[in-house]
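Engineer: Input target.txt, format and content: compact mmCIF, C-alpha atoms.
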```txt
# COMPACT_ATOMS: atom_id res chain seq x y z
CA MET N 26 19.99 2.32 18.27
CA LYS N 27 19.31 5.81 19.72
CA PRO N 28 22.67 7.25 18.50
CA ILE N 29 21.97 5.94 15.00
CA LYS N 30 18.52 7.55 14.93
CA PHE N 31 19.98 10.80 16.21
CA LEU N 32 22.63 10.81 13.46
CA LEU N 33 19.96 9.99 10.87
CA LEU N 34 17.83 12.95 11.92
CA SER N 35 20.86 15.23 11.98
CA ILE N 36 21.64 14.26 8.38
CA ILE N 37 18.10 15.16 7.35
CA ILE N 38 18.71 18.81 8.24
CA THR N 39 21.96 19.17 6.27
CA THR N 40 22.21 20.93 2.93
CA GLU N 41 23.15 17.85 0.91
CA ILE N 42 20.56 15.15 0.44
CA PHE N 43 20.94 11.87 -1.45
CA ALA N 44 17.93 9.57 -1.48
CA GLY N 45 17.56 6.26 -3.27
CA GLY N 46 14.28 4.70 -4.38
CA GLY N 47 12.03 6.27 -1.78
CA SER N 48 11.64 8.41 1.30
CA VAL N 49 13.95 8.62 4.30
CA TYR N 50 10.86 8.28 6.48
CA THR N 51 10.52 4.61 5.48
CA ARG N 52 13.31 3.82 7.94
CA PHE N 53 10.78 3.84 10.77
CA GLY N 54 8.34 1.04 11.58
CA ILE N 55 7.69 -1.20 8.58
CA GLY N 56 7.98 1.61 6.00
CA ASP N 57 5.34 3.06 3.71
CA LEU N 58 2.02 1.20 3.69
CA ARG N 59 0.73 -0.33 0.44
CA LEU N 60 -3.08 -0.38 0.50
CA SER N 61 -3.91 -1.55 -3.02
CA PHE N 62 -2.25 -3.56 -5.77
CA SER N 63 -4.56 -2.59 -8.67
CA ALA N 64 -4.46 0.53 -10.82
CA ARG N 65 -8.24 0.74 -10.69
CA ARG N 66 -8.31 1.15 -6.90
CA LEU N 67 -5.32 3.48 -6.93
CA ALA N 68 -7.05 5.81 -9.41
CA MET N 69 -10.12 6.00 -7.11
CA GLY N 70 -8.19 6.94 -3.98
CA GLU N 71 -6.78 3.47 -3.22
CA LEU N 72 -9.50 2.04 -0.94
CA GLY N 73 -13.11 1.14 -1.96
CA ILE N 74 -14.27 -0.72 1.14
CA ALA N 75 -17.95 -0.89 0.08
CA LEU N 76 -17.44 -1.84 -3.58
CA SER N 77 -18.87 -5.14 -4.75
CA ASP N 78 -16.96 -5.65 -7.97
CA LYS N 79 -18.31 -7.83 -10.77
CA ASP N 80 -15.29 -7.35 -13.00
CA TYR N 81 -12.39 -6.59 -10.63
CA LEU N 82 -10.62 -8.10 -7.63
CA SER N 83 -9.66 -6.39 -4.39
CA TYR N 84 -8.03 -7.75 -1.24
CA LEU N 85 -9.01 -4.88 1.10
CA ASN N 86 -12.53 -6.22 1.77
CA PRO N 87 -13.16 -9.88 0.82
CA ALA N 88 -16.95 -9.33 1.04
CA GLY N 89 -16.63 -7.50 -2.29
CA TRP N 90 -16.10 -10.79 -4.12
CA ASN N 91 -19.79 -11.78 -3.77
CA GLU N 92 -20.77 -10.47 -7.22
CA MET N 93 -17.86 -12.00 -9.15
CA ARG N 94 -19.12 -13.09 -12.57
CA LEU N 95 -16.07 -14.74 -14.12
CA THR N 96 -12.86 -16.41 -13.14
CA ARG N 97 -10.41 -13.52 -12.91
CA PHE N 98 -6.66 -12.97 -12.75
CA GLU N 99 -5.06 -9.59 -12.04
CA THR N 100 -1.47 -8.42 -11.75
CA GLY N 101 0.50 -5.24 -12.26
CA ALA N 102 3.56 -3.09 -11.72
CA LEU N 103 4.21 0.23 -9.96
CA TYR N 104 6.59 3.06 -10.84
CA SER N 105 7.43 5.28 -7.84
CA GLY N 106 9.25 8.59 -7.98
CA ASN N 107 10.15 10.51 -4.85
CA GLN N 108 11.52 14.06 -4.71
CA SER N 109 12.90 14.86 -1.26
CA GLN N 110 13.92 18.40 -0.40
CA ASN N 111 14.93 20.55 2.52
CA SER N 112 15.34 24.32 2.64
CA SER N 113 18.32 24.35 0.27
CA SER N 114 18.47 21.29 -1.99
CA SER N 115 16.48 18.41 -3.44
CA VAL N 116 16.93 15.08 -5.18
CA TYR N 117 14.63 12.84 -7.26
CA GLN N 118 14.90 9.04 -7.21
CA THR N 119 12.80 6.31 -8.82
CA ASN N 120 11.90 2.67 -8.35
CA VAL N 121 9.87 0.09 -10.30
CA SER N 122 8.36 -2.85 -8.44
CA PHE N 123 6.02 -5.79 -8.84
CA ASN N 124 2.61 -4.77 -7.52
CA GLY N 125 1.12 -8.14 -6.57
CA MET N 126 -1.33 -10.56 -8.14
CA MET N 127 -4.73 -12.08 -7.40
CA PHE N 128 -6.75 -15.00 -8.69
CA GLY N 129 -10.46 -15.54 -7.97
CA PHE N 130 -13.41 -17.53 -9.24
CA PRO N 131 -17.15 -17.76 -8.45
CA ILE N 132 -18.57 -20.98 -7.01
CA ASP N 133 -22.27 -20.14 -6.65
CA ARG N 134 -23.42 -16.78 -7.99
CA GLU N 135 -26.87 -16.95 -6.39
CA LEU N 136 -25.35 -17.38 -2.92
CA GLY N 137 -22.44 -15.03 -3.65
CA ILE N 138 -19.87 -17.74 -2.91
CA SER N 139 -16.50 -16.91 -4.44
CA ILE N 140 -12.94 -17.91 -3.60
CA ALA N 141 -9.87 -15.74 -4.11
CA THR N 142 -6.19 -15.92 -3.32
CA GLY N 143 -3.25 -13.65 -3.92
CA LEU N 144 0.18 -12.32 -3.09
CA VAL N 145 0.31 -8.58 -2.43
CA PRO N 146 2.73 -6.03 -0.90
CA VAL N 147 1.96 -4.66 2.58
CA SER N 148 4.78 -2.15 3.07
CA ASN N 149 7.88 -0.84 1.38
CA VAL N 150 11.24 0.36 2.72
CA GLY N 151 13.57 2.17 0.33
CA TYR N 152 15.96 5.00 1.10
CA GLU N 153 19.57 6.07 0.70
CA ILE N 154 21.05 9.14 2.35
CA SER N 155 24.63 10.28 2.78
CA GLN N 156 26.61 13.21 4.12
CA PRO N 157 30.30 14.15 3.86
CA LEU N 158 31.81 15.13 7.20
CA LYS N 159 35.01 16.85 8.26
CA GLU N 160 36.09 16.04 11.79
CA PRO N 161 39.18 17.61 13.40
CA LEU N 162 40.41 14.33 14.91
CA VAL N 163 39.96 12.02 11.88
CA ASP N 164 40.25 12.11 8.11
CA GLU N 165 37.44 13.36 5.93
CA LEU N 166 34.65 10.78 5.76
CA LYS N 167 31.17 10.08 4.41
CA LEU N 168 28.28 8.69 6.44
CA SER N 169 25.69 6.68 4.48
CA TYR N 170 22.39 5.11 5.51
CA THR N 171 20.47 2.77 3.20
CA GLY N 172 17.42 0.59 3.60
CA GLN N 173 15.39 -1.79 1.46
CA GLY N 174 12.73 -4.47 1.71
CA GLY N 175 9.27 -4.57 3.22
CA LEU N 176 6.41 -6.89 4.12
CA SER N 177 4.18 -8.92 1.82
CA LYS N 178 1.03 -10.95 2.40
CA PHE N 179 -0.27 -14.21 1.03
CA PHE N 180 -3.99 -14.70 1.56
CA ILE N 181 -6.82 -17.04 0.68
CA GLY N 182 -10.48 -16.53 1.47
CA ALA N 183 -14.10 -16.63 0.42
CA SER N 184 -17.28 -14.56 0.30
CA TYR N 185 -20.91 -15.47 1.03
CA ARG N 186 -24.17 -13.56 0.59
CA LEU N 187 -26.27 -13.44 3.75
CA PRO N 188 -30.04 -12.78 3.99
CA PHE N 189 -31.19 -9.27 2.99
CA ASP N 190 -28.32 -9.20 0.45
CA PHE N 191 -25.67 -8.54 3.08
CA SER N 192 -22.35 -10.07 2.06
CA LEU N 193 -19.64 -11.49 4.29
CA GLY N 194 -16.00 -12.18 3.45
CA LEU N 195 -13.14 -13.77 5.36
CA THR N 196 -9.46 -14.41 4.54
CA TYR N 197 -6.54 -16.16 6.16
CA ASP N 198 -3.48 -13.90 5.94
CA TYR N 199 0.16 -14.92 6.14
CA TYR N 200 2.62 -12.04 6.48
CA TYR N 201 6.30 -12.36 5.66
CA GLY N 202 9.21 -10.27 4.48
CA ARG N 203 12.65 -8.86 5.21
CA ILE N 204 13.90 -5.36 5.95
CA GLU N 205 17.58 -4.49 5.67
CA ASN N 206 19.15 -1.33 7.15
CA THR N 207 22.81 -0.49 6.54
CA THR N 208 25.08 2.16 8.05
CA LYS N 209 28.47 2.88 6.43
CA VAL N 210 31.45 5.04 7.31
CA GLU N 211 33.74 5.58 4.28
CA PHE N 212 37.03 7.50 4.48
CA VAL N 213 38.70 9.38 1.65
CA GLN N 214 41.17 7.53 -0.57
CA GLY N 215 44.61 7.42 1.00
CA SER N 216 43.36 7.54 4.56
CA ASN N 217 45.03 5.32 7.14
CA LEU N 218 41.59 4.48 8.54
CA ARG N 219 39.52 1.55 7.30
CA ASP N 220 35.92 1.80 6.11
CA VAL N 221 33.38 0.20 8.42
CA SER N 222 29.76 -0.81 7.97
CA PHE N 223 26.91 -2.22 10.03
CA ARG N 224 24.02 -4.10 8.38
CA GLU N 225 20.93 -5.31 10.21
CA GLU N 226 18.72 -7.84 8.41
CA THR N 227 15.35 -8.58 10.02
CA SER N 228 13.04 -11.33 8.74
CA TYR N 229 9.34 -11.33 9.63
CA ASN N 230 6.54 -13.88 9.57
CA GLY N 231 3.13 -14.12 11.19
CA MET N 232 -0.52 -15.02 10.69
CA GLY N 233 -3.74 -13.05 10.93
CA PHE N 234 -7.17 -12.71 9.33
CA THR N 235 -9.36 -10.15 7.59
CA ALA N 236 -13.16 -10.02 7.85
CA GLY N 237 -15.50 -7.76 5.96
CA ILE N 238 -19.19 -7.10 5.41
CA ILE N 239 -21.07 -5.12 2.75
CA SER N 240 -24.75 -4.19 3.05
CA GLY N 241 -27.44 -4.72 0.47
CA ASP N 242 -28.77 -1.89 -1.68
CA LEU N 243 -30.01 0.89 0.64
CA SER N 244 -31.01 3.34 -2.09
CA LYS N 245 -34.65 2.28 -2.00
CA HIS N 246 -34.91 3.84 1.45
CA ILE N 247 -33.91 7.36 0.36
CA GLY N 248 -36.74 8.02 -2.12
CA THR N 249 -34.83 8.99 -5.29
CA ASN N 250 -34.24 7.32 -8.63
CA SER N 251 -30.96 9.14 -9.28
CA ILE N 252 -28.99 7.16 -6.68
CA LYS N 253 -28.68 3.39 -7.02
CA ASP N 254 -26.69 0.59 -5.38
CA LEU N 255 -26.08 2.56 -2.20
CA LYS N 256 -24.01 0.30 0.08
CA ILE N 257 -22.06 0.52 3.31
CA GLY N 258 -19.04 -1.64 3.97
CA PHE N 259 -16.91 -2.53 6.99
CA VAL N 260 -13.55 -4.29 7.16
CA PHE N 261 -11.38 -5.49 10.03
CA SER N 262 -7.87 -6.97 9.94
CA SER N 263 -6.55 -8.54 13.10
CA GLY N 264 -3.37 -7.48 14.81
CA VAL N 265 -0.47 -9.73 13.85
CA PRO N 266 2.26 -10.93 16.25
CA LEU N 267 5.19 -11.14 13.86
CA GLY N 268 8.11 -13.36 14.67
CA SER N 269 11.25 -11.31 13.96
CA ASP N 270 14.74 -12.76 13.50
CA SER N 271 17.61 -10.28 13.21
CA VAL N 272 21.13 -10.87 11.93
CA ASN N 273 23.78 -8.17 12.31
CA ASN N 274 26.81 -8.04 10.04
CA SER N 275 29.64 -5.68 11.02
CA LEU N 276 32.55 -5.04 8.64
CA THR N 277 35.51 -3.97 10.78
CA THR N 278 39.30 -3.87 10.60
CA ILE N 279 39.42 -7.50 11.73
CA GLY N 280 36.89 -8.74 9.19
CA THR N 281 33.16 -9.38 9.10
CA ILE N 282 31.51 -10.17 12.41
CA THR N 283 28.06 -11.79 12.27
CA THR N 284 25.81 -11.91 15.31
CA SER N 285 22.20 -12.92 15.82
CA THR N 286 19.83 -11.26 18.26
CA GLY N 287 17.48 -14.25 18.24
CA SER N 288 13.74 -14.23 17.74
CA VAL N 289 11.67 -11.36 19.12
CA LYS N 290 8.02 -10.37 18.73
CA THR N 291 6.96 -7.42 16.62
CA ASN N 292 3.33 -6.42 17.08
CA LEU N 293 1.67 -5.19 13.87
CA PRO N 294 -1.50 -3.30 14.93
CA LEU N 295 -5.04 -4.19 13.87
CA LYS N 296 -6.72 -2.27 11.08
CA PHE N 297 -10.36 -1.35 10.45
CA GLY N 298 -12.29 0.78 8.01
CA ILE N 299 -15.71 1.92 6.86
CA GLY N 300 -16.85 3.03 3.43
CA THR N 301 -19.83 3.81 1.22
CA SER N 302 -20.45 3.42 -2.50
CA PHE N 303 -23.31 4.37 -4.82
CA ARG N 304 -24.10 4.91 -8.48
CA LEU N 305 -25.39 8.28 -9.68
CA PHE N 306 -27.37 8.47 -12.95
CA GLU N 307 -26.39 4.86 -13.74
CA ASN N 308 -22.89 5.55 -15.12
CA TYR N 309 -21.14 7.36 -12.25
CA THR N 310 -19.87 5.43 -9.22
CA PHE N 311 -18.78 7.34 -6.11
CA ILE N 312 -16.97 5.98 -3.07
CA THR N 313 -15.99 7.45 0.30
CA ASP N 314 -13.72 5.61 2.73
CA TYR N 315 -12.00 5.87 6.09
CA LEU N 316 -9.22 3.50 7.21
CA PHE N 317 -7.53 3.48 10.62
CA GLN N 318 -4.50 1.62 12.02
CA PRO N 319 -3.11 2.55 15.47
CA PHE N 320 0.65 2.48 14.92
CA SER N 321 1.09 3.99 18.36
CA GLY N 322 0.65 0.36 19.44
CA PHE N 323 3.43 -0.93 17.18
CA THR N 324 5.97 -2.62 19.44
CA VAL N 325 9.21 -4.58 19.16
CA SER N 326 9.86 -6.81 22.18
CA GLY N 327 7.13 -4.86 23.95
CA VAL N 328 8.82 -1.48 23.36
CA LYS N 329 6.91 1.26 21.52
CA SER N 330 8.57 3.53 18.99
CA THR N 331 8.64 7.27 19.68
CA ASN N 332 8.72 7.88 15.90
CA LEU N 333 5.30 6.36 15.18
CA GLN N 334 1.73 7.56 15.64
CA ASN N 335 -1.77 6.40 14.69
CA PHE N 336 -2.42 6.17 10.94
CA TYR N 337 -5.66 7.07 9.21
CA LYS N 338 -6.70 7.74 5.65
CA ALA N 339 -9.85 9.42 4.31
CA SER N 340 -10.51 9.24 0.57
CA LEU N 341 -13.08 10.13 -2.07
CA GLY N 342 -13.21 8.54 -5.53
CA PHE N 343 -15.36 8.25 -8.62
CA GLU N 344 -15.56 6.15 -11.79
CA TYR N 345 -17.35 6.79 -15.08
CA ARG N 346 -18.45 3.69 -16.94
CA ASP N 347 -21.16 3.36 -19.59
CA VAL N 348 -22.88 0.36 -18.00
CA GLY N 349 -25.63 0.15 -20.61
CA THR N 350 -23.57 0.12 -23.79
CA ARG N 351 -23.66 -2.87 -26.12
CA SER N 352 -21.44 -1.18 -28.69
CA ASP N 353 -18.42 -2.85 -30.25
CA SER N 354 -16.60 0.50 -30.26
CA PHE N 355 -13.34 0.66 -28.31
CA TRP N 356 -14.08 4.21 -27.10
CA ASP N 357 -17.47 3.34 -25.62
CA HIS N 358 -15.85 0.91 -23.15
CA ILE N 359 -13.16 3.22 -21.78
CA MET N 360 -13.61 3.94 -18.06
CA LEU N 361 -12.43 7.16 -16.37
CA ARG N 362 -11.50 7.55 -12.69
CA GLY N 363 -10.31 10.12 -10.18
CA GLY N 364 -9.91 10.64 -6.45
CA LEU N 365 -8.61 12.62 -3.48
CA SER N 366 -7.23 11.52 -0.13
CA TYR N 367 -5.84 12.87 3.12
CA GLU N 368 -3.64 10.78 5.41
CA GLN N 369 -2.28 11.19 8.87
CA LEU N 370 0.85 9.13 8.34
CA GLN N 371 2.25 6.73 10.90
CA TYR N 372 5.47 8.75 11.09
CA LYS N 373 6.17 11.21 13.92
CA ILE N 374 9.64 12.77 13.68
CA ASN N 375 11.05 15.33 16.13
CA ASN N 376 7.67 15.22 17.91
CA THR N 377 6.01 16.36 14.67
CA GLY N 378 3.32 14.19 13.11
CA LEU N 379 3.42 13.93 9.31
CA SER N 380 0.45 14.09 6.95
CA GLN N 381 -0.05 13.56 3.22
CA PHE N 382 -2.48 14.89 0.63
CA SER N 383 -2.89 13.06 -2.71
CA ILE N 384 -4.78 13.39 -5.97
CA TYR N 385 -5.44 10.47 -8.33
CA ALA N 386 -6.49 9.89 -11.93
CA GLY N 387 -6.77 6.89 -14.22
CA LEU N 388 -8.56 5.02 -16.97
CA SER N 389 -9.22 1.55 -18.35
CA LEU N 390 -8.44 0.50 -21.90
CA PRO N 391 -10.54 -2.49 -22.99
CA LEU N 392 -8.86 -5.51 -24.54
CA SER N 393 -12.24 -7.25 -24.94
CA PHE N 394 -15.59 -7.20 -23.15
CA ASP N 395 -14.14 -8.84 -20.02
CA ASN N 396 -10.43 -7.92 -20.18
CA ALA N 397 -8.77 -4.56 -19.66
CA ILE N 398 -5.51 -2.73 -19.01
CA ASP N 399 -5.86 -0.22 -16.19
CA LEU N 400 -3.67 2.85 -15.76
CA ALA N 401 -3.44 5.11 -12.71
CA PHE N 402 -1.45 8.12 -11.56
CA GLN N 403 -0.97 9.54 -8.07
CA TYR N 404 0.64 12.77 -6.92
CA GLY N 405 1.20 13.08 -3.18
CA ARG N 406 2.78 15.70 -0.94
CA ARG N 407 3.92 15.01 2.59
CA GLY N 408 6.17 16.39 5.26
CA THR N 409 7.58 19.90 5.55
CA THR N 410 10.88 21.73 5.34
CA ASP N 411 10.16 23.30 8.73
CA LYS N 412 11.44 21.87 12.02
CA ASN N 413 14.45 20.26 10.34
CA LEU N 414 12.31 17.82 8.34
CA LEU N 415 12.01 16.86 4.67
CA LEU N 416 9.27 17.60 2.16
CA ASP N 417 8.44 14.68 -0.17
CA ASN N 418 6.73 15.06 -3.54
CA ILE N 419 5.52 11.59 -4.53
CA PHE N 420 4.74 10.46 -8.07
CA LYS N 421 3.30 7.01 -8.74
CA PHE N 422 2.23 5.38 -11.98
CA SER N 423 0.52 2.00 -11.88
CA VAL N 424 -0.43 -0.38 -14.67
CA SER N 425 -2.41 -3.55 -14.09
CA LEU N 426 -3.93 -6.28 -16.22
CA SER N 427 -7.38 -7.71 -15.47
CA ILE N 428 -8.38 -10.89 -17.31
CA GLY N 429 -11.69 -12.71 -16.93
CA GLU N 430 -13.24 -15.75 -18.57
CA ILE N 431 -15.69 -18.58 -17.86
CA TRP N 432 -14.01 -21.64 -16.35
CA PHE N 433 -16.82 -23.48 -14.61
CA ILE N 434 -20.26 -24.15 -16.10
CA ARG N 435 -22.78 -26.12 -14.06
CA GLN N 436 -24.42 -28.91 -16.07
CA GLU N 437 -28.21 -28.90 -16.10
CA ARG N 438 -29.87 -32.17 -15.13
```
Step by step, read the file and then write its structure as structure tokens.

Structural biologist:
Amino acid sequence: MKPIKFLLLSIIITTEIFAGGGSVYTRFGIGDLRLSFSARRLAMGELGIALSDKDYLSYLNPAGWNEMRLTRFETGALYSGNQSQNSSSSVYQTNVSFNGMMFGFPIDRELGISIATGLVPVSNVGYEISQPLKEPLVDELKLSYTGQGGLSKFFIGASYRLPFDFSLGLTYDYYYGRIENTTKVEFVQGSNLRDVSFREETSYNGMGFTAGIISGDLSKHIGTNSIKDLKIGFVFSSGVPLGSDSVNNSLTTIGTITTSTGSVKTNLPLKFGIGTSFRLFENYTFITDYLFQPFSGFTVSGVKSTNLQNFYKASLGFEYRDVGTRSDSFWDHIMLRGGLSYEQLQYKINNTGLSQFSIYAGLSLPLSFDNAIDLAFQYGRRGTTDKNLLLDNIFKFSVSLSIGEIWFIRQER
């Protein structure tokens, strides 16, 4: 695999770039991380570890389900645009994908017992790069590298409110997915040489868990009436030993040769985070978050990758919502959001660690008192054109639907 990686990096520095659906960097590890499926969270910086949502669902911290009022269903879609450029050229490619779904319902509101389940993306791989080459010993040819796929997660869990209004949440997580990487050598028409290709398909599956806790309201201890619902949250996701089965398909002059490398272990590192949330002057919610995942410990068959480093993300977000309105006006129920984030990405190419800065904005359009369409936009910038690397300008637009209604009513006796 070392020659392939060397050729990939050499193509990055050439003057002609062709990318498809995403960034070349997604070739390494498990690709780009997906930290939220909802437009609401994306518009606030994507995290929200300490938020206890009454009207929204989140899978990052299951303790946040403790204030769920209604049975809720959420789903959405994501548009991604990626402009990759080096010192002399650039290309812009797009992709539209399903952004996951969640379903949750309260069991006992006084005890904060709620159950939720969902299917959400964990990572995404999507790239296509090619380069024409002229070699003195062979005909003119084109080298192409493509990749697609990623990991997803199915989860089910519950929340419970502890004494002193501390809330606990726990989920069972099942990870699965497939990543496909293809290398092609194509010769010009009329050449006596045959095109060849090599495709590696790797399937993953494994189990883990996520545990979270959110404190009670701490604002009464700071002596001000302007700040309310001040909370601190923690979340921890276990490391996951993924079973990995690889199948290699080689198209050669004698036909297609299929080989299997058998099952190996891929170690997906643990993840933990801390966050705060509070309301200012009733209608303004602010959140700050920090998430860490040590991808320097990512291994395949016990071997670490030299192209990965520890990942962390720090974000700041806010939301405006008129919590006291009883108006029937559409405009009075619109919510506005924004955020900032800085990430040290898990990618380290040519001994250079990559980082990303992003800004976010969004709003909610009410369908009724308990239903809404949420919209979010993200602009991110990562990488550099220095040191033979690529600069990515990332554009994301997310739309999600949040529906809530009463399903279970306890009969009085």

Engineer: For each of N:Leu379, N:Leu316, N:Leu136, N:Ile299, take the minimum atom-to-atom distance to Asn332 (chain N), counting only C-alpha atoms, then give the residue where this is smallest.

Structural biologist: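 Nearest candidate to Asn332 (chain N) out of N:Leu379, N:Leu316, N:Leu136, N:Ile299: N:Leu379.
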
Engineer: Give me, as number ranges by chain, all polymer residues having an atom no more than 6 Å from Lys338 (chain N), counting only C-alpha atoms and skipping those fewer than 5 positions away in the same chain.

Structural biologist: N: 315-316, 367-368

Engineer: For Ala401 (chain N), which of N:Gln108, N:Asn308, N:Asn413, N:Ser423 is the closest residue, counting only C-alpha atoms?

Structural biologist: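 The shortest atom-to-atom distance to Ala401 (chain N) comes from N:Ser423.
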
Engineer: Using only C-alpha atoms, find each residue in region 127-152 of chain N having at least one atom no more than 10 Å away from region 188-204 of chain N; report its shortest atom-to-atom pair and that distance in Å (one decimal), rows by chain then rising number, as JSON lines.

Structural biologist:
```
{"residue": "N:Leu136", "atom": "CA", "partner": "N:Asp190", "partner_atom": "CA", "distance": 9.3}
{"residue": "N:Gly137", "atom": "CA", "partner": "N:Ser192", "partner_atom": "CA", "distance": 7.6}
{"residue": "N:Ile138", "atom": "CA", "partner": "N:Gly194", "partner_atom": "CA", "distance": 9.3}
{"residue": "N:Ser139", "atom": "CA", "partner": "N:Gly194", "partner_atom": "CA", "distance": 9.2}
{"residue": "N:Ile140", "atom": "CA", "partner": "N:Thr196", "partner_atom": "CA", "distance": 9.5}
{"residue": "N:Ala141", "atom": "CA", "partner": "N:Thr196", "partner_atom": "CA", "distance": 8.8}
{"residue": "N:Thr142", "atom": "CA", "partner": "N:Thr196", "partner_atom": "CA", "distance": 8.6}
{"residue": "N:Gly143", "atom": "CA", "partner": "N:Asp198", "partner_atom": "CA", "distance": 9.9}
{"residue": "N:Leu144", "atom": "CA", "partner": "N:Tyr199", "partner_atom": "CA", "distance": 9.6}
{"residue": "N:Val145", "atom": "CA", "partner": "N:Tyr200", "partner_atom": "CA", "distance": 9.8}
{"residue": "N:Pro146", "atom": "CA", "partner": "N:Gly202", "partner_atom": "CA", "distance": 9.4}
{"residue": "N:Val147", "atom": "CA", "partner": "N:Tyr200", "partner_atom": "CA", "distance": 8.4}
{"residue": "N:Ser148", "atom": "CA", "partner": "N:Gly202", "partner_atom": "CA", "distance": 9.4}
{"residue": "N:Asn149", "atom": "CA", "partner": "N:Ile204", "partner_atom": "CA", "distance": 8.8}
{"residue": "N:Val150", "atom": "CA", "partner": "N:Ile204", "partner_atom": "CA", "distance": 7.1}
{"residue": "N:Gly151", "atom": "CA", "partner": "N:Ile204", "partner_atom": "CA", "distance": 9.4}
```

Engineer: Need to verify the contact set: Leu95 (chain N), 12 Å, all atoms listed in the file, exclusion of same-chain residues closer than 6 positions in sequence. Can you return it as a list in words?

Structural biologist: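 Listing them by chain and then by number gives Asp78, Lys79, Asp80, Tyr81, Leu82, Phe128, Gly129, Phe130, Pro131, Ile132, Asp133, Arg134, Ser139, Ile140, Ala141, Phe394, Asp395, Asn396, Ser427, Ile428, Gly429, Glu430, Ile431, Trp432, Phe433 and Ile434 of chain N.
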
Engineer: Take the residues from that selection and write them out as a tab-separated table (two decimals), keeping the file's coordinate frame, keeping C-alpha atoms.

Structural biologist:
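Written output follows (out_1.tsv):
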```tsv
chain	number	residue	atom	x	y	z
N	78	ASP	CA	-16.96	-5.65	-7.97
N	79	LYS	CA	-18.31	-7.83	-10.77
N	80	ASP	CA	-15.29	-7.35	-13.00
N	81	TYR	CA	-12.39	-6.59	-10.63
N	82	LEU	CA	-10.62	-8.10	-7.63
N	128	PHE	CA	-6.75	-15.00	-8.69
N	129	GLY	CA	-10.46	-15.54	-7.97
N	130	PHE	CA	-13.41	-17.53	-9.24
N	131	PRO	CA	-17.15	-17.76	-8.45
N	132	ILE	CA	-18.57	-20.98	-7.01
N	133	ASP	CA	-22.27	-20.14	-6.65
N	134	ARG	CA	-23.42	-16.78	-7.99
N	139	SER	CA	-16.50	-16.91	-4.44
N	140	ILE	CA	-12.94	-17.91	-3.60
N	141	ALA	CA	-9.87	-15.74	-4.11
N	394	PHE	CA	-15.59	-7.20	-23.15
N	395	ASP	CA	-14.14	-8.84	-20.02
N	396	ASN	CA	-10.43	-7.92	-20.18
N	427	SER	CA	-7.38	-7.71	-15.47
N	428	ILE	CA	-8.38	-10.89	-17.31
N	429	GLY	CA	-11.69	-12.71	-16.93
N	430	GLU	CA	-13.24	-15.75	-18.57
N	431	ILE	CA	-15.69	-18.58	-17.86
N	432	TRP	CA	-14.01	-21.64	-16.35
N	433	PHE	CA	-16.82	-23.48	-14.61
N	434	ILE	CA	-20.26	-24.15	-16.10
```

Engineer: Would you mind listing, for every residue of region 314-373 of chain N within 10 Å of region 405-411 of chain N, the two atoms forming the shortest contact and the distance between them in Å to one decimal, using all atoms listed in the file, sorted by chain and ascending residue number, as a Markdown table?

Structural biologist:
```
| residue | atom | partner | partner_atom | distance |
| --- | --- | --- | --- | --- |
| N:Leu365 | CA | N:Gly405 | CA | 9.8 |
| N:Ser366 | CA | N:Gly405 | CA | 9.1 |
| N:Tyr367 | CA | N:Gly405 | CA | 9.4 |
| N:Glu368 | CA | N:Arg407 | CA | 9.1 |
| N:Gln369 | CA | N:Arg407 | CA | 9.6 |
| N:Leu370 | CA | N:Arg407 | CA | 8.8 |
| N:Tyr372 | CA | N:Gly408 | CA | 9.6 |
```

Engineer: Give me, as a JSON list (two decimals) with C-alpha atoms, in the frame of the given file, all polymer residues having an atom no more than 12 Å from Lys245 (chain N), counting only C-alpha atoms and skipping those fewer than 3 positions away in the same chain.

Structural biologist:
```
[["chain", "number", "residue", "atom", "x", "y", "z"],
["N", 241, "GLY", "CA", -27.44, -4.72, 0.47],
["N", 242, "ASP", "CA", -28.77, -1.89, -1.68],
["N", 248, "GLY", "CA", -36.74, 8.02, -2.12],
["N", 249, "THR", "CA", -34.83, 8.99, -5.29],
["N", 250, "ASN", "CA", -34.24, 7.32, -8.63],
["N", 251, "SER", "CA", -30.96, 9.14, -9.28],
["N", 252, "ILE", "CA", -28.99, 7.16, -6.68],
["N", 253, "LYS", "CA", -28.68, 3.39, -7.02],
["N", 254, "ASP", "CA", -26.69, 0.59, -5.38],
["N", 255, "LEU", "CA", -26.08, 2.56, -2.20],
["N", 256, "LYS", "CA", -24.01, 0.30, 0.08],
["N", 303, "PHE", "CA", -23.31, 4.37, -4.82]]
```
